[in-house]
Amino acid sequence: MNYDLHDIVEMKKPHACQTNRWEVIRMGMDIKIKCLNCGHIVMLPRRDFEKKVKKVLVKKGED
């Protein structure tokens, strides 16, 4: 799956605030994502992120 910095992604499981739309705000060995509903920030190892991401909703530059 191709994703890049500032892309909006949908995760398989919703966050506690009942949304599953996240923005990728940091990429490296770990991926940092920010909930678009409540602003909560989570950092995941790249391997875990790739297992939990469902699809890319908005690519950078297409909003």
# chains A, B, ... in the order shown; residues from 1 in each chain; ligands from 1
>>> select_by_dssp(residues="chain A", states="alpha helix (DSSP H)", output="VMD selection string")
chain A and resid 46 to 52
>>> residues_around(residues="range 32-35 of chain A", least_positions_apart="6", cutoff="8 Å", atoms="only C-alpha atoms", output="NGL selection string")
:A and (15 or 19-26 or 41-44)
>>> write_last_selection(atoms="N, CA and C atoms", output="PDB file, in the first residue's frame")
ATOM      1  N   HIS A  15     -11.222   4.535  16.453  1.00  0.00           N
ATOM      2  CA  HIS A  15     -10.645   5.103  17.672  1.00  0.00           C
ATOM      3  C   HIS A  15     -11.746   5.190  18.727  1.00  0.00           C
ATOM      4  N   THR A  19     -14.200   7.446  15.320  1.00  0.00           N
ATOM      5  CA  THR A  19     -13.798   7.742  13.951  1.00  0.00           C
ATOM      6  C   THR A  19     -12.588   6.879  13.617  1.00  0.00           C
ATOM      7  N   ASN A  20     -12.395   6.600  12.345  1.00  0.00           N
ATOM      8  CA  ASN A  20     -11.194   5.855  11.961  1.00  0.00           C
ATOM      9  C   ASN A  20     -10.451   6.579  10.829  1.00  0.00           C
ATOM     10  N   ARG A  21     -10.577   7.911  10.799  1.00  0.00           N
ATOM     11  CA  ARG A  21      -9.838   8.750   9.849  1.00  0.00           C
ATOM     12  C   ARG A  21      -8.645   9.374  10.571  1.00  0.00           C
ATOM     13  N   TRP A  22      -7.462   9.138  10.040  1.00  0.00           N
ATOM     14  CA  TRP A  22      -6.220   9.597  10.647  1.00  0.00           C
ATOM     15  C   TRP A  22      -5.351  10.275   9.593  1.00  0.00           C
ATOM     16  N   GLU A  23      -4.544  11.248  10.021  1.00  0.00           N
ATOM     17  CA  GLU A  23      -3.570  11.893   9.145  1.00  0.00           C
ATOM     18  C   GLU A  23      -2.178  11.405   9.517  1.00  0.00           C
ATOM     19  N   VAL A  24      -1.393  11.026   8.512  1.00  0.00           N
ATOM     20  CA  VAL A  24      -0.005  10.616   8.735  1.00  0.00           C
ATOM     21  C   VAL A  24       0.812  11.890   8.937  1.00  0.00           C
ATOM     22  N   ILE A  25       1.406  12.060  10.127  1.00  0.00           N
ATOM     23  CA  ILE A  25       2.151  13.293  10.413  1.00  0.00           C
ATOM     24  C   ILE A  25       3.652  13.066  10.570  1.00  0.00           C
ATOM     25  N   ARG A  26       4.098  11.808  10.593  1.00  0.00           N
ATOM     26  CA  ARG A  26       5.536  11.521  10.657  1.00  0.00           C
ATOM     27  C   ARG A  26       5.773  10.150  10.064  1.00  0.00           C
ATOM     28  N   ILE A  41      -2.770  11.710  19.168  1.00  0.00           N
ATOM     29  CA  ILE A  41      -1.630  11.297  18.344  1.00  0.00           C
ATOM     30  C   ILE A  41      -1.116   9.950  18.825  1.00  0.00           C
ATOM     31  N   VAL A  42      -0.883   9.044  17.868  1.00  0.00           N
ATOM     32  CA  VAL A  42      -0.399   7.697  18.167  1.00  0.00           C
ATOM     33  C   VAL A  42       0.826   7.428  17.301  1.00  0.00           C
ATOM     34  N   MET A  43       1.841   6.800  17.897  1.00  0.00           N
ATOM     35  CA  MET A  43       3.022   6.391  17.138  1.00  0.00           C
ATOM     36  C   MET A  43       3.072   4.872  17.114  1.00  0.00           C
ATOM     37  N   LEU A  44       3.169   4.314  15.911  1.00  0.00           N
ATOM     38  CA  LEU A  44       3.194   2.868  15.723  1.00  0.00           C
ATOM     39  C   LEU A  44       4.437   2.466  14.944  1.00  0.00           C
TER      40      LEU A  44
END
>>> closest_residue(among="A:Met29, A:Cys17, A:Val53, A:Leu36", to="Tyr3 in chain A", atoms="only C-alpha atoms")
A:Val53
>>> select_by_dssp(residues="chain A", states="strand (DSSP E)", output="list in words")
Ile8, Val9, Glu10, Met11, Arg21, Trp22, Glu23, Val24, Ile25, Arg26, Asp30, Ile31, Lys32, Ile33, Lys34, Cys35, Ile41, Val42, Met43, Leu44, Pro45, Val53, Lys54, Lys55, Val56, Leu57 and Val58 of chain A
>>> closest_residue(among="A:Val9, A:Asn37, A:Ile31, A:Pro14", to="Phe49 in chain A", atoms="only C-alpha atoms")
A:Ile31
>>> atom_distance(atom1="CA of Lys12 in chain A", atom2="CA of Lys52 in chain A")
5.7 Å
